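Input: a single structure, listed below in structure tokens.
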Amino acid sequence: MFKTAKIRGIAGLALAGAMAFSLAACSGGSSDSTDAAGSDGELTTVGFVAVGPEGGWRTANEQNIQDSFSKENGFDLKYAPATNGDQNSQITAFTSFIDEGVDAIILSATEATGWESVLKRAQEAEIPVVLLDRGIEPNDTSLYTSHIAPDNVGISSSAAEWANGQFPDGAKYVVLEGPPGLSVVNDRNKGWDDTIDANFTKLESQSANWSTEEAKSVFETILKANNNDVQLVFAQNDEMGLGAALAVEEAGLKPGTDVKIITIDGTKAALEALAAGRLSFVAEYNPLFGDTAIEVVKAALAGETVESDIVVPSVTFDSPEAATEALPTRKY
Ligand code: AHR
């Protein structure tokens, strides 16, 4: 299995996409179902070590992966969601897939660390592993075939750029994070921290575990502790941003006016809230990359060169008008 340099940015994706598709072509592949099913018509078995129910983004992503790796497309996808987000249940499923001798494994990790030994076992069994969305830390690219996700660092950097423009004299802000230790949380913190202007003041950075209810409770407490003197929230996903908006309203303040709220994911609920002025900036974290994942798995199984890092393109929405215009055609 050859490794190639990281690809970054939309252009990179187009290149990766083209390479992945062309590789499928050169290995006699195409997007029709017989190719992935192999010449004898047998289905390609793929073990999906998944996160499971977590929120709107996760539902959209895992449904898209299951729809893509369908029998019609030549795959037998074995879906294994984590038990209550527990990594041990994922490692158990991962190990079972190796013992079963699946053709490939795709993994969305509930934790960034602790994967080395099972990834090495998959390598010894010559089973390609493709990481979806979540990365591993340390990021040893020799342990997996490819990582497919939007660019978390770039997405949160674009959010901070928007904040810099909104508050030229700075602002007091709060970060509502996902669960500690996740690669996406670390990357979103990095993109934000590397870009936000020095005249901003971070009052608090606290996990609300991707949850609306928890975010409402956490931000209510922070507002009270700061006498409502908070102008900005960077919520690392939509559900937590919507929770912050509820807390702002409970405090008798107006979200979008008294407190601007930024979120990441781009679900319909967030765009509806942006259209209504309850959120102020929504950065998409595009969950719909099942087609790309199929091409990467097929190229890997054909022994072709596979990009080690494939960036999925994502857009941002910075006004009610932009959200209103996009809503009719949104797919999640
Ligand atoms: O890993 C992606 C994150 O996980 C999404 O931003 C969040 O909504 C999901 O739970």
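If you're wondering about the labels, chains in the structure tokens are A, B, ... by order shown, residues count from 1 in each chain, ligands from 1 in order shown.
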
Quiz item: Which residues come within 8 Å of A:Thr263, counting only C-alpha atoms, excluding same-chain residues fewer than 4 positions away, as number ranges by chain?
Solution: A: 234-238, 240-241, 270, 279, 281-283

Using only C-alpha atoms, tabulate the residues of stretch 133-191 of chain A lying at most 12 Å from any atom of stretch 302-308 of chain A, each with its closest atom pair and that distance in Å to one decimal, by chain and increasing residue number, as a tab-separated table.
```
residue	atom	partner	partner_atom	distance
A:Gly135	CA	A:Ser308	CA	11.6
A:Asn139	CA	A:Ser308	CA	10.9
A:Asp140	CA	A:Ser308	CA	10.4
A:Thr141	CA	A:Ser308	CA	6.8
A:Ser142	CA	A:Ser308	CA	8.9
A:Leu143	CA	A:Ser308	CA	10.4
A:Tyr144	CA	A:Ser308	CA	8.1
A:Thr145	CA	A:Ser308	CA	6.2
A:Ser146	CA	A:Ser308	CA	4.2
A:His147	CA	A:Ser308	CA	6.1
A:Ile148	CA	A:Ser308	CA	8.5
A:Ala149	CA	A:Ser308	CA	11.3
```

Residues just named, written with N, CA and C atoms as a PDB file, in the first residue's frame:
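Saved the output as result-v5.pdb:
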```pdb
ATOM      1  N   GLY A 135     -10.105  11.505  13.635  1.00  0.00           N
ATOM      2  CA  GLY A 135      -8.732  11.043  13.424  1.00  0.00           C
ATOM      3  C   GLY A 135      -8.245  10.291  14.648  1.00  0.00           C
ATOM      4  N   ASN A 139      -1.061  10.889  15.198  1.00  0.00           N
ATOM      5  CA  ASN A 139      -1.565  10.596  13.857  1.00  0.00           C
ATOM      6  C   ASN A 139      -0.503   9.856  13.044  1.00  0.00           C
ATOM      7  N   ASP A 140      -0.375   8.556  13.301  1.00  0.00           N
ATOM      8  CA  ASP A 140       0.609   7.736  12.579  1.00  0.00           C
ATOM      9  C   ASP A 140      -0.052   7.210  11.300  1.00  0.00           C
ATOM     10  N   THR A 141       0.218   7.887  10.186  1.00  0.00           N
ATOM     11  CA  THR A 141      -0.490   7.540   8.939  1.00  0.00           C
ATOM     12  C   THR A 141      -0.080   6.159   8.413  1.00  0.00           C
ATOM     13  N   SER A 142       0.966   5.567   9.015  1.00  0.00           N
ATOM     14  CA  SER A 142       1.349   4.210   8.553  1.00  0.00           C
ATOM     15  C   SER A 142       0.375   3.163   9.109  1.00  0.00           C
ATOM     16  N   LEU A 143      -0.465   3.578  10.073  1.00  0.00           N
ATOM     17  CA  LEU A 143      -1.349   2.601  10.737  1.00  0.00           C
ATOM     18  C   LEU A 143      -2.700   2.470  10.049  1.00  0.00           C
ATOM     19  N   TYR A 144      -2.986   3.352   9.085  1.00  0.00           N
ATOM     20  CA  TYR A 144      -4.286   3.249   8.411  1.00  0.00           C
ATOM     21  C   TYR A 144      -4.103   3.638   6.948  1.00  0.00           C
ATOM     22  N   THR A 145      -5.123   3.333   6.139  1.00  0.00           N
ATOM     23  CA  THR A 145      -5.001   3.560   4.696  1.00  0.00           C
ATOM     24  C   THR A 145      -5.287   5.011   4.328  1.00  0.00           C
ATOM     25  N   SER A 146      -6.368   5.573   4.906  1.00  0.00           N
ATOM     26  CA  SER A 146      -6.733   6.945   4.557  1.00  0.00           C
ATOM     27  C   SER A 146      -7.641   7.519   5.634  1.00  0.00           C
ATOM     28  N   HIS A 147      -7.658   8.845   5.713  1.00  0.00           N
ATOM     29  CA  HIS A 147      -8.567   9.563   6.611  1.00  0.00           C
ATOM     30  C   HIS A 147      -9.409  10.497   5.749  1.00  0.00           C
ATOM     31  N   ILE A 148     -10.739  10.405   5.888  1.00  0.00           N
ATOM     32  CA  ILE A 148     -11.642  11.237   5.071  1.00  0.00           C
ATOM     33  C   ILE A 148     -12.470  12.111   6.009  1.00  0.00           C
ATOM     34  N   ALA A 149     -12.374  13.418   5.867  1.00  0.00           N
ATOM     35  CA  ALA A 149     -13.148  14.344   6.718  1.00  0.00           C
ATOM     36  C   ALA A 149     -13.028  15.746   6.157  1.00  0.00           C
TER      37      ALA A 149
END
```

Quiz item: Excluding same-chain residues fewer than 6 positions from A:Phe219, what lies within 12 Å of it counting only C-alpha atoms, as a ChimeraX atom specification?
Solution: /A:173-177,203-208,211-213,225-228,230,232-235,240-251,259,261

Exercise. Name the residues, by chain letter and number, that sit within 7 Å of ligand 1 using only C-alpha atoms and all ligand atoms, and give them as a PyMOL selection string.
Key: chain A and resi 54-58+133-134+184+210+236-238+264-265+285

Self-check item: Neighbour list for A:Pro180 as a VMD selection string, cut-off 9 Å, only C-alpha atoms, skip fewer than 3 positions in-chain
Solution: chain A and resid 111 177 183 185 to 186 207 209

Practice problem: Give me the residues within 12 Å of A:Asp86 as a PyMOL selection string, counting only C-alpha atoms and dropping any in the same chain fewer than 2 places off. | Solution: chain A and resi 49-52+81-84+88-93+109-111

Quiz item: Out of A:Ala273, A:Ile98, A:Ala300, A:Ala293, which residue has the shortest atom-to-atom distance to A:Gln66 when counting only C-alpha atoms?
Solution: A:Ala293

Exercise. Would you please work out which residue, of A:Val130, A:Ile136, A:Leu223, A:Val218, is nearest to A:Gly252 when using only C-alpha atoms?
Key: A:Leu223

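Pairwise distance (atom CA of A:Asp76, atom CA of A:Glu42) equals 9.3 Å.
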
Quick one: contact table of stretch 248-298 of chain A to stretch 124-128 of chain A, 12 Å max, nearest atom pair and distance in Å to one decimal per residue, counting only C-alpha atoms, chain and number order, as JSON lines?
```
{"residue": "A:Val296", "atom": "CA", "partner": "A:Pro128", "partner_atom": "CA", "distance": 10.0}
{"residue": "A:Val297", "atom": "CA", "partner": "A:Pro128", "partner_atom": "CA", "distance": 7.7}
{"residue": "A:Lys298", "atom": "CA", "partner": "A:Pro128", "partner_atom": "CA", "distance": 10.2}
```

Quiz prompt | Those in stretch 105-250 of chain A with alpha helix (DSSP H) from DSSP, as a PyMOL selection string | solution = chain A and resi 116-124+152-166+183-195+212-225+238-250

Output file for the residues above (C-alpha atoms, as a CSV table (one decimal), in the first residue's frame):
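And here is the file that came out, part_24.csv:
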```csv
chain,number,residue,atom,x,y,z
A,116,GLU,CA,-2.4,1.4,17.8
A,117,SER,CA,-2.7,-2.3,18.7
A,118,VAL,CA,-5.9,-3.1,16.8
A,119,LEU,CA,-4.7,-1.1,13.8
A,120,LYS,CA,-1.5,-3.1,13.8
A,121,ARG,CA,-3.6,-6.3,13.9
A,122,ALA,CA,-5.6,-5.2,10.9
A,123,GLN,CA,-2.4,-4.5,9.1
A,124,GLU,CA,-1.0,-8.0,9.9
A,152,ASN,CA,-11.7,20.9,11.2
A,153,VAL,CA,-8.8,23.3,11.6
A,154,GLY,CA,-9.7,25.3,8.5
A,155,ILE,CA,-13.4,25.3,9.4
A,156,SER,CA,-12.9,26.7,12.9
A,157,SER,CA,-10.3,29.2,11.5
A,158,SER,CA,-13.0,30.6,9.1
A,159,ALA,CA,-15.3,30.9,12.1
A,160,ALA,CA,-12.7,32.9,14.0
A,161,GLU,CA,-12.1,35.1,10.9
A,162,TRP,CA,-15.8,35.9,10.8
A,163,ALA,CA,-15.7,36.8,14.6
A,164,ASN,CA,-12.6,39.1,14.0
A,165,GLY,CA,-14.7,40.9,11.4
A,166,GLN,CA,-17.7,41.2,13.6
A,183,SER,CA,-9.3,14.8,17.4
A,184,VAL,CA,-12.1,17.0,16.0
A,185,VAL,CA,-12.3,19.0,19.3
A,186,ASN,CA,-8.5,19.5,19.4
A,187,ASP,CA,-8.5,20.6,15.8
A,188,ARG,CA,-11.4,23.0,16.2
A,189,ASN,CA,-9.6,24.5,19.2
A,190,LYS,CA,-6.4,24.8,17.2
A,191,GLY,CA,-8.0,26.5,14.2
A,192,TRP,CA,-9.9,29.0,16.4
A,193,ASP,CA,-7.0,29.8,18.8
A,194,ASP,CA,-4.6,30.3,15.9
A,195,THR,CA,-6.9,32.8,14.2
A,212,THR,CA,-28.3,21.0,23.6
A,213,GLU,CA,-29.5,20.4,27.1
A,214,GLU,CA,-26.0,20.4,28.6
A,215,ALA,CA,-25.0,23.5,26.6
A,216,LYS,CA,-28.0,25.4,27.9
A,217,SER,CA,-27.2,24.5,31.5
A,218,VAL,CA,-23.5,25.2,31.1
A,219,PHE,CA,-24.0,28.6,29.4
A,220,GLU,CA,-26.8,29.7,31.8
A,221,THR,CA,-24.2,29.2,34.6
A,222,ILE,CA,-21.5,31.2,32.7
A,223,LEU,CA,-23.9,34.0,31.9
A,224,LYS,CA,-24.9,34.4,35.6
A,225,ALA,CA,-21.2,34.2,36.7
A,238,ASP,CA,-25.0,22.9,16.2
A,239,GLU,CA,-26.8,21.2,19.1
A,240,MET,CA,-24.6,23.1,21.6
A,241,GLY,CA,-25.1,26.4,19.8
A,242,LEU,CA,-28.9,25.9,20.0
A,243,GLY,CA,-28.5,25.2,23.7
A,244,ALA,CA,-26.6,28.4,24.1
A,245,ALA,CA,-29.3,30.4,22.3
A,246,LEU,CA,-31.9,29.0,24.7
A,247,ALA,CA,-29.7,30.1,27.7
A,248,VAL,CA,-29.4,33.6,26.2
A,249,GLU,CA,-33.2,33.8,25.8
A,250,GLU,CA,-33.8,32.5,29.3
```
